[in-house]
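J.: What follows is run-v4.pdb, PDB, C-alpha atoms and all ligand atoms.
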```pdb
ATOM      1  CA  MET H 261     -23.411  19.602   4.011
ATOM      2  CA  SER H 262     -20.729  17.841   6.050
ATOM      3  CA  PRO H 263     -20.959  17.123   9.781
ATOM      4  CA  ILE H 264     -19.431  19.510  12.270
ATOM      5  CA  ILE H 265     -18.807  16.689  14.770
ATOM      6  CA  ARG H 266     -18.388  12.995  14.049
ATOM      7  CA  PHE H 267     -17.478  10.284  16.518
ATOM      8  CA  ASP H 268     -16.443   7.083  14.748
ATOM      9  CA  ARG H 269     -16.304   4.063  17.082
ATOM     10  CA  VAL H 270     -14.651   6.073  19.836
ATOM     11  CA  SER H 271     -13.508   4.396  23.031
ATOM     12  CA  VAL H 272     -11.902   6.216  25.924
ATOM     13  CA  ILE H 273     -10.053   4.615  28.802
ATOM     14  CA  VAL H 274      -8.998   6.676  31.809
ATOM     15  CA  HIS H 275      -6.995   5.169  34.667
ATOM     16  CA  GLU H 276      -7.664   1.691  33.234
ATOM     17  CA  LYS H 277     -11.428   2.287  33.320
ATOM     18  CA  THR H 278     -13.440   2.311  30.092
ATOM     19  CA  ILE H 279     -15.527   5.447  30.265
ATOM     20  CA  LEU H 280     -16.695   5.548  26.623
ATOM     21  CA  SER H 281     -17.141   2.438  24.539
ATOM     22  CA  ASP H 282     -17.461   2.322  20.741
ATOM     23  CA  ILE H 283     -19.386   5.599  20.438
ATOM     24  CA  SER H 284     -20.477   6.677  16.942
ATOM     25  CA  PHE H 285     -22.661   9.652  16.053
ATOM     26  CA  THR H 286     -22.735  12.681  13.786
ATOM     27  CA  LEU H 287     -23.903  16.210  14.333
ATOM     28  CA  PHE H 288     -24.537  18.625  11.476
ATOM     29  CA  PRO H 289     -24.319  22.432  11.609
ATOM     30  CA  GLY H 290     -27.416  23.936  13.218
ATOM     31  CA  GLU H 291     -28.514  20.708  14.905
ATOM     32  CA  LYS H 292     -29.348  20.632  18.611
ATOM     33  CA  ALA H 293     -28.494  17.425  20.422
ATOM     34  CA  VAL H 294     -28.666  16.314  24.009
ATOM     35  CA  LEU H 295     -26.826  13.500  25.760
ATOM     36  CA  CYS H 296     -28.842  11.902  28.495
ATOM     37  CA  GLY H 297     -28.514   8.917  30.789
ATOM     38  CA  LYS H 298     -27.817   8.006  34.378
ATOM     39  CA  SER H 299     -25.146   9.659  36.494
ATOM     40  CA  GLY H 300     -21.753   8.270  35.480
ATOM     41  CA  SER H 301     -22.974   7.020  32.080
ATOM     42  CA  GLY H 302     -20.380   9.150  30.266
ATOM     43  CA  LYS H 303     -22.316  12.244  29.119
ATOM     44  CA  SER H 304     -19.766  14.862  30.201
ATOM     45  CA  SER H 305     -16.957  12.584  28.988
ATOM     46  CA  VAL H 306     -18.272  12.924  25.412
ATOM     47  CA  LEU H 307     -17.912  16.713  25.657
ATOM     48  CA  ARG H 308     -14.501  16.419  27.333
ATOM     49  CA  THR H 309     -13.270  13.986  24.657
ATOM     50  CA  LEU H 310     -14.250  16.434  21.924
ATOM     51  CA  LEU H 311     -12.277  19.132  23.745
ATOM     52  CA  GLY H 312      -9.219  16.867  23.838
ATOM     53  CA  LEU H 313      -9.353  16.422  27.594
ATOM     54  CA  HIS H 314      -9.460  12.607  27.489
ATOM     55  CA  PRO H 315      -7.076  10.343  25.537
ATOM     56  CA  ILE H 316      -8.803   8.387  22.753
ATOM     57  CA  LYS H 317      -8.011   4.676  23.015
ATOM     58  CA  SER H 318      -9.536   3.686  19.667
ATOM     59  CA  GLY H 319     -11.705   5.174  16.955
ATOM     60  CA  THR H 320     -11.583   8.752  15.678
ATOM     61  CA  VAL H 321     -13.242  12.031  16.591
ATOM     62  CA  TYR H 322     -13.675  14.330  13.605
ATOM     63  CA  PHE H 323     -14.277  18.065  13.887
ATOM     64  CA  GLN H 324     -15.334  19.671  10.602
ATOM     65  CA  GLU H 325     -14.214  16.361   9.060
ATOM     66  CA  GLN H 326     -10.633  16.768  10.339
ATOM     67  CA  PRO H 327      -9.437  14.083  12.773
ATOM     68  CA  LEU H 328      -8.855  15.332  16.280
ATOM     69  CA  THR H 329      -5.135  15.475  17.060
ATOM     70  CA  PRO H 330      -3.153  17.326  19.728
ATOM     71  CA  SER H 331      -2.703  20.198  17.245
ATOM     72  CA  SER H 332      -6.200  20.241  15.698
ATOM     73  CA  VAL H 333      -7.810  20.295  19.142
ATOM     74  CA  GLN H 334      -6.928  24.006  19.259
ATOM     75  CA  THR H 335      -9.324  24.579  16.349
ATOM     76  CA  VAL H 336     -12.122  22.842  18.267
ATOM     77  CA  ARG H 337     -11.449  24.944  21.350
ATOM     78  CA  SER H 338     -11.329  28.210  19.431
ATOM     79  CA  CYS H 339     -14.597  27.475  17.589
ATOM     80  CA  THR H 340     -16.463  26.275  20.651
ATOM     81  CA  ALA H 341     -18.101  27.756  23.708
ATOM     82  CA  TYR H 342     -17.979  25.134  26.467
ATOM     83  CA  ILE H 343     -20.280  25.972  29.363
ATOM     84  CA  GLY H 344     -19.696  23.642  32.291
ATOM     85  CA  GLN H 345     -21.731  23.400  35.468
ATOM     86  CA  GLU H 346     -19.595  26.014  37.296
ATOM     87  CA  PRO H 347     -17.821  28.025  34.609
ATOM     88  CA  MET H 348     -14.636  29.852  35.593
ATOM     89  CA  LEU H 349     -15.159  33.425  34.476
ATOM     90  CA  GLY H 350     -11.505  34.329  34.984
ATOM     91  CA  ALA H 351     -11.988  37.957  36.036
ATOM     92  CA  GLU H 352     -12.984  39.913  39.120
ATOM     93  CA  SER H 353     -16.117  41.641  37.852
ATOM     94  CA  VAL H 354     -18.749  40.401  35.424
ATOM     95  CA  ARG H 355     -17.950  43.255  33.015
ATOM     96  CA  GLU H 356     -14.249  42.275  33.001
ATOM     97  CA  ALA H 357     -15.225  38.645  32.490
ATOM     98  CA  LEU H 358     -17.308  39.517  29.426
ATOM     99  CA  LEU H 359     -14.587  41.714  27.967
ATOM    100  CA  LEU H 360     -11.664  39.404  28.811
ATOM    101  CA  PRO H 361     -11.301  37.677  25.405
ATOM    102  CA  PHE H 362     -11.390  41.036  23.631
ATOM    103  CA  GLN H 363      -8.034  42.018  25.175
ATOM    104  CA  PHE H 364      -6.370  39.516  22.891
ATOM    105  CA  LYS H 365      -5.227  40.327  19.391
ATOM    106  CA  THR H 366      -7.637  37.936  17.607
ATOM    107  CA  HIS H 367     -10.719  39.612  19.089
ATOM    108  CA  ARG H 368      -9.449  43.144  19.796
ATOM    109  CA  ASP H 369     -11.211  44.653  16.770
ATOM    110  CA  HIS H 370     -14.582  43.241  17.833
ATOM    111  CA  LYS H 371     -14.757  44.612  21.369
ATOM    112  CA  PRO H 372     -18.483  45.005  22.160
ATOM    113  CA  THR H 373     -19.995  48.381  22.946
ATOM    114  CA  GLU H 374     -21.887  49.031  26.180
ATOM    115  CA  ALA H 375     -25.163  48.748  24.223
ATOM    116  CA  GLN H 376     -24.123  45.352  22.847
ATOM    117  CA  LEU H 377     -23.238  44.134  26.353
ATOM    118  CA  ILE H 378     -26.630  45.177  27.676
ATOM    119  CA  GLU H 379     -28.448  43.688  24.699
ATOM    120  CA  VAL H 380     -26.845  40.255  25.154
ATOM    121  CA  LEU H 381     -27.607  40.330  28.898
ATOM    122  CA  GLN H 382     -31.240  41.149  28.157
ATOM    123  CA  ARG H 383     -31.458  38.269  25.689
ATOM    124  CA  LEU H 384     -30.405  35.971  28.525
ATOM    125  CA  HIS H 385     -32.789  37.545  31.028
ATOM    126  CA  LEU H 386     -29.975  39.117  33.076
ATOM    127  CA  PRO H 387     -30.156  42.671  34.493
ATOM    128  CA  ALA H 388     -27.683  45.278  33.213
ATOM    129  CA  ASP H 389     -26.407  45.978  36.737
ATOM    130  CA  ILE H 390     -24.929  42.465  36.922
ATOM    131  CA  LEU H 391     -22.002  44.019  35.009
ATOM    132  CA  ARG H 392     -20.880  45.718  38.241
ATOM    133  CA  GLN H 393     -21.042  42.572  40.375
ATOM    134  CA  GLU H 394     -18.112  40.425  41.426
ATOM    135  CA  SER H 395     -17.960  37.228  39.356
ATOM    136  CA  SER H 396     -17.395  35.153  42.482
ATOM    137  CA  ARG H 397     -20.648  36.414  44.024
ATOM    138  CA  ILE H 398     -23.102  35.559  41.298
ATOM    139  CA  SER H 399     -25.033  32.268  41.260
ATOM    140  CA  GLY H 400     -24.074  29.162  39.283
ATOM    141  CA  GLY H 401     -26.961  29.727  36.827
ATOM    142  CA  GLU H 402     -25.890  33.372  36.354
ATOM    143  CA  LYS H 403     -22.270  32.328  35.781
ATOM    144  CA  GLN H 404     -23.421  29.924  33.084
ATOM    145  CA  ARG H 405     -25.451  32.641  31.356
ATOM    146  CA  ILE H 406     -22.502  35.070  31.552
ATOM    147  CA  ALA H 407     -20.292  32.402  29.956
ATOM    148  CA  LEU H 408     -23.009  31.972  27.316
ATOM    149  CA  ALA H 409     -23.165  35.734  26.766
ATOM    150  CA  ARG H 410     -19.408  35.722  26.215
ATOM    151  CA  GLY H 411     -19.777  32.969  23.600
ATOM    152  CA  LEU H 412     -22.483  34.969  21.810
ATOM    153  CA  LEU H 413     -20.402  38.169  21.877
ATOM    154  CA  LEU H 414     -17.508  36.212  20.371
ATOM    155  CA  GLY H 415     -19.812  34.964  17.616
ATOM    156  CA  LYS H 416     -19.279  31.296  18.533
ATOM    157  CA  LYS H 417     -21.401  28.908  16.508
ATOM    158  CA  LEU H 418     -20.875  25.659  18.457
ATOM    159  CA  TYR H 419     -21.992  25.318  22.078
ATOM    160  CA  LEU H 420     -21.114  22.440  24.384
ATOM    161  CA  LEU H 421     -23.487  22.822  27.292
ATOM    162  CA  ASP H 422     -23.400  20.874  30.543
ATOM    163  CA  GLU H 423     -26.707  21.218  32.429
ATOM    164  CA  VAL H 424     -27.299  24.859  31.592
ATOM    165  CA  THR H 425     -30.996  24.961  32.376
ATOM    166  CA  SER H 426     -31.137  22.855  35.551
ATOM    167  CA  ALA H 427     -30.693  25.842  37.902
ATOM    168  CA  LEU H 428     -32.890  28.294  36.003
ATOM    169  CA  ASP H 429     -36.354  29.715  36.699
ATOM    170  CA  ALA H 430     -38.961  29.456  33.915
ATOM    171  CA  GLU H 431     -38.275  32.897  32.386
ATOM    172  CA  SER H 432     -34.484  32.502  32.321
ATOM    173  CA  LYS H 433     -34.900  29.036  30.854
ATOM    174  CA  GLN H 434     -37.174  30.402  28.127
ATOM    175  CA  ALA H 435     -34.527  33.044  27.353
ATOM    176  CA  VAL H 436     -31.898  30.303  26.887
ATOM    177  CA  PHE H 437     -34.308  28.297  24.678
ATOM    178  CA  ASP H 438     -34.922  31.400  22.571
ATOM    179  CA  VAL H 439     -31.183  32.026  22.100
ATOM    180  CA  PHE H 440     -30.663  28.465  20.886
ATOM    181  CA  SER H 441     -33.634  28.522  18.523
ATOM    182  CA  ASP H 442     -31.186  30.303  16.175
ATOM    183  CA  PRO H 443     -30.661  27.838  13.282
ATOM    184  CA  GLN H 444     -27.062  29.016  12.922
ATOM    185  CA  LEU H 445     -26.066  27.690  16.340
ATOM    186  CA  THR H 446     -25.099  24.059  16.851
ATOM    187  CA  VAL H 447     -25.562  22.523  20.294
ATOM    188  CA  LEU H 448     -24.231  19.367  21.910
ATOM    189  CA  SER H 449     -25.537  19.345  25.439
ATOM    190  CA  VAL H 450     -25.856  17.279  28.575
ATOM    191  CA  ALA H 451     -29.201  17.580  30.326
ATOM    192  CA  HIS H 452     -31.815  15.857  32.418
ATOM    193  CA  ASP H 453     -34.406  18.611  32.096
ATOM    194  CA  PRO H 454     -37.420  17.116  30.193
ATOM    195  CA  GLU H 455     -38.218  20.494  28.587
ATOM    196  CA  TRP H 456     -34.673  20.761  27.198
ATOM    197  CA  LEU H 457     -34.874  17.168  25.921
ATOM    198  CA  GLU H 458     -38.140  17.975  24.149
ATOM    199  CA  ARG H 459     -36.613  20.979  22.407
ATOM    200  CA  CYS H 460     -33.533  19.176  21.116
ATOM    201  CA  GLY H 461     -33.906  17.583  17.685
ATOM    202  CA  ILE H 462     -31.648  14.662  18.647
ATOM    203  CA  VAL H 463     -31.518  12.731  21.908
ATOM    204  CA  PHE H 464     -28.518  10.452  22.501
ATOM    205  CA  GLU H 465     -29.012   8.019  25.320
ATOM    206  CA  LEU H 466     -25.930   6.685  27.097
ATOM    207  CA  GLU H 467     -25.668   3.696  29.374
ATOM    208  CA  ALA H 468     -22.384   2.743  31.071
ATOM    209  CA  GLY H 469     -20.315   4.519  28.407
ATOM    210  CA  ARG H 470     -22.266   3.086  25.453
ATOM    211  CA  LEU H 471     -24.632   4.892  23.112
ATOM    212  CA  THR H 472     -27.782   2.808  23.444
ATOM    213  CA  GLN H 473     -30.379   4.900  21.637
ATOM    214  CA  VAL H 474     -30.573   7.809  19.210
ATOM    215  CA  LYS H 475     -33.914   9.569  18.830
ATOM    216  CA  ARG H 476     -34.295  12.087  16.021
ATOM    217  CA  ASN H 477     -37.305  14.412  16.035
ATOM    218  CA  GLY H 478     -39.404  11.943  17.958
ATOM    219  CA  ASN H 479     -38.488   8.921  15.804
ATOM    220  CA  THR H 480     -36.312   6.158  17.228
TER     221      THR H 480
HETATM  222  N1  LIG P 501     -10.605  11.852  34.893
HETATM  223  C1  LIG P 501     -11.237  10.739  35.225
HETATM  224  N2  LIG P 501     -10.597   9.727  35.867
HETATM  225  C2  LIG P 501     -11.222   8.591  36.180
HETATM  226  N3  LIG P 501     -12.524   8.366  35.940
HETATM  227  C3  LIG P 501     -13.215   9.321  35.315
HETATM  228  C4  LIG P 501     -12.620  10.554  34.952
HETATM  229  N4  LIG P 501     -13.575  11.320  34.351
HETATM  230  C5  LIG P 501     -14.704  10.592  34.374
HETATM  231  N5  LIG P 501     -14.490   9.411  34.961
HETATM  232  C6  LIG P 501     -15.468   8.334  35.155
HETATM  233  O1  LIG P 501     -16.142   8.140  33.946
HETATM  234  C7  LIG P 501     -17.500   7.854  34.153
HETATM  235  C8  LIG P 501     -18.351   8.811  33.360
HETATM  236  O2  LIG P 501     -18.216  10.116  33.917
HETATM  237  P1  LIG P 501     -19.015  11.359  33.344
HETATM  238  O3  LIG P 501     -18.638  12.551  34.169
HETATM  239  O4  LIG P 501     -18.817  11.429  31.884
HETATM  240  O5  LIG P 501     -20.520  10.914  33.656
HETATM  241  P2  LIG P 501     -21.863  11.731  33.491
HETATM  242  O6  LIG P 501     -22.816  10.842  32.769
HETATM  243  O7  LIG P 501     -21.605  13.064  32.888
HETATM  244  O8  LIG P 501     -22.292  11.851  35.024
HETATM  245  P3  LIG P 501     -23.121  13.002  35.834
HETATM  246  O9  LIG P 501     -24.527  12.985  35.277
HETATM  247  O10 LIG P 501     -23.076  12.502  37.239
HETATM  248  O11 LIG P 501     -22.406  14.303  35.641
HETATM  249  C9  LIG P 501     -17.744   7.941  35.659
HETATM  250  O12 LIG P 501     -17.741   6.631  36.182
HETATM  251  C10 LIG P 501     -16.551   8.728  36.152
HETATM  252  O13 LIG P 501     -16.217   8.341  37.466
END
```
Show this structure as structure tokens.
T.:
Amino acid sequence: MSPIIRFDRVSVIVHEKTILSDISFTLFPGEKAVLCGKSGSGKSSVLRTLLGLHPIKSGTVYFQEQPLTPSSVQTVRSCTAYIGQEPMLGAESVREALLLPFQFKTHRDHKPTEAQLIEVLQRLHLPADILRQESSRISGGEKQRIALARGLLLGKKLYLLDEVTSALDAESKQAVFDVFSDPQLTVLSVAHDPEWLERCGIVFELEAGRLTQVKRNGNT
């Protein structure tokens, strides 16, 4: 099996500041990894680099073993659900937000039924009546779970998650853990939550833009 993501000695410089330095790691399909480290250590920058949002100064990012280029970055974005700390849902109501991608030709034939919408909400410990609410009036943790629900409805297999459990109560957090126990889903996340760290098979520790430690399944 080949890696889904591979960073090979990647350095990123933004506004003359080195924000990632000589980062190398691989992630295989189905693996769950978490980036941790102090504030400003470069965790979110790893996700943003993979999404083509930072220029790569040296080294290569590979996605499904293809080097990341301005054109191939579209493949990464279409295969990935990126859930930031305050996702933009891009529609007035939650229902519209969930159905938004299905207006487009690529997804039109897979528009979810009402039952499928409710089922995915339940999986994420969200009530069905959230569908009627305005997207701007739901909490940050709810927005993240709606963005997650949209990824699941779209059948996304790779999730880039930035602090998705930090705002959640125990039951909602458990629901998110349960969703990602699916061996078909690959996760590269940023988190401080010790429970999330425990559940991820791989822990990448960053310090001032450098990868200082990789722990796999409890072994350093
Ligand atoms: N667009 C940018 N322009 C300039 N500096 C940036 C930019 N994006 C990130 N940085 C800098 O890069 C460093 C790493 O930022 P990053 O957001 O990746 O850290 P982080 O580990 O995710 O932090 P936090 O835990 O606080 O979210 C920080 O010093 C930040 O100021």
J.: So what do you get for atom CA of H:Ser449 versus atom CA of H:Glu423, distance-wise?
T.: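 Between these atoms lies a distance of 7.3 Å.
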J.: Please list as an MDAnalysis selection string every residue within 12 Å of H:Ile283, counting all atoms listed in the file and excluding residues in the same chain fewer than 6 positions away.
T.: chainID H and resid 266:272 302:303 305:306 309 316:321 464:474
J.: Produce a table with one row for each residue of stretch 399-436 of chain H that has an atom at most 8 Å from any atom of stretch 376-395 of chain H, each row naming the nearest atom pair and its distance in Å at one decimal; use all atoms listed in the file; arrange rows by chain and rising residue number; format as a Markdown table.
T.:
```
| residue | atom | partner | partner_atom | distance |
| --- | --- | --- | --- | --- |
| H:Glu402 | CA | H:Leu386 | CA | 7.8 |
| H:Lys403 | CA | H:Ser395 | CA | 7.4 |
| H:Arg405 | CA | H:Leu384 | CA | 6.6 |
| H:Ile406 | CA | H:Leu381 | CA | 7.8 |
| H:Ala409 | CA | H:Val380 | CA | 6.0 |
| H:Leu412 | CA | H:Val380 | CA | 7.6 |
| H:Leu413 | CA | H:Val380 | CA | 7.5 |
| H:Glu431 | CA | H:His385 | CA | 7.3 |
| H:Ser432 | CA | H:His385 | CA | 5.5 |
| H:Ala435 | CA | H:Leu384 | CA | 5.2 |
| H:Val436 | CA | H:Leu384 | CA | 6.1 |
```
J.: Name all residues at most 12 Å from H:Leu414 (count only C-alpha atoms; drop same-chain ones fewer than 3 positions away) and give them as an mmCIF file with C-alpha atoms, keeping the file's coordinate frame.
T.:
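For reference, around.cif as written:
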```
data_model
loop_
_atom_site.group_PDB
_atom_site.id
_atom_site.type_symbol
_atom_site.label_atom_id
_atom_site.label_comp_id
_atom_site.auth_asym_id
_atom_site.auth_seq_id
_atom_site.Cartn_x
_atom_site.Cartn_y
_atom_site.Cartn_z
ATOM 1 C CA SER H 338 -11.329 28.210 19.431
ATOM 2 C CA CYS H 339 -14.597 27.475 17.589
ATOM 3 C CA THR H 340 -16.463 26.275 20.651
ATOM 4 C CA ALA H 341 -18.101 27.756 23.708
ATOM 5 C CA LEU H 358 -17.308 39.517 29.426
ATOM 6 C CA LEU H 359 -14.587 41.714 27.967
ATOM 7 C CA LEU H 360 -11.664 39.404 28.811
ATOM 8 C CA PRO H 361 -11.301 37.677 25.405
ATOM 9 C CA PHE H 362 -11.390 41.036 23.631
ATOM 10 C CA PHE H 364 -6.370 39.516 22.891
ATOM 11 C CA THR H 366 -7.637 37.936 17.607
ATOM 12 C CA HIS H 367 -10.719 39.612 19.089
ATOM 13 C CA ARG H 368 -9.449 43.144 19.796
ATOM 14 C CA ASP H 369 -11.211 44.653 16.770
ATOM 15 C CA HIS H 370 -14.582 43.241 17.833
ATOM 16 C CA LYS H 371 -14.757 44.612 21.369
ATOM 17 C CA PRO H 372 -18.483 45.005 22.160
ATOM 18 C CA GLN H 376 -24.123 45.352 22.847
ATOM 19 C CA LEU H 377 -23.238 44.134 26.353
ATOM 20 C CA VAL H 380 -26.845 40.255 25.154
ATOM 21 C CA ALA H 407 -20.292 32.402 29.956
ATOM 22 C CA LEU H 408 -23.009 31.972 27.316
ATOM 23 C CA ALA H 409 -23.165 35.734 26.766
ATOM 24 C CA ARG H 410 -19.408 35.722 26.215
ATOM 25 C CA GLY H 411 -19.777 32.969 23.600
ATOM 26 C CA LYS H 417 -21.401 28.908 16.508
ATOM 27 C CA LEU H 418 -20.875 25.659 18.457
ATOM 28 C CA TYR H 419 -21.992 25.318 22.078
#
```
J.: For the provided coordinates, the residues matched by the PyMOL selection byres (((not hetatm)) within 6 of (chain P and resi 501)) should be stated as a list of chain:residue names.
T.: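 Evaluating the PyMOL selection byres (((not hetatm)) within 6 of (chain P and resi 501)) on this file yields H:Val274, H:His275, H:Ile279, H:Lys298, H:Ser299, H:Gly300, H:Ser301, H:Gly302, H:Lys303, H:Ser304, H:Ser305.
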J.: Got a sec: who's within 7 Å of stretch 445-447 of chain H, counting all atoms listed in the file, leaving out chain neighbours fewer than 4 positions off, as a PyMOL selection string?
T.: chain H and resi 289-293+417-420+440
J.: Return as lines of an AutoDock Vina configuration file the centre and edge lengths, in Å with one decimal, of the box along x, y and z that encloses every atom of stretch 455-461 of chain H in the file, padded by 3 Å per side.
T.:
```
center_x = -35.9
center_y = 19.1
center_z = 23.1
size_x = 10.7
size_y = 9.8
size_z = 16.9
```
J.: For atom CA of H:Val354 and atom CA of H:Val424, determine how far apart the two atoms are, in Å to one decimal place.
T.: 18.1 Å
J.: In Å, how far is it from atom CA of H:Glu458 to atom CA of H:Asp438?
T.: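 Atom CA of H:Asp438 lies at a distance of 13.9 Å from atom CA of H:Glu458.
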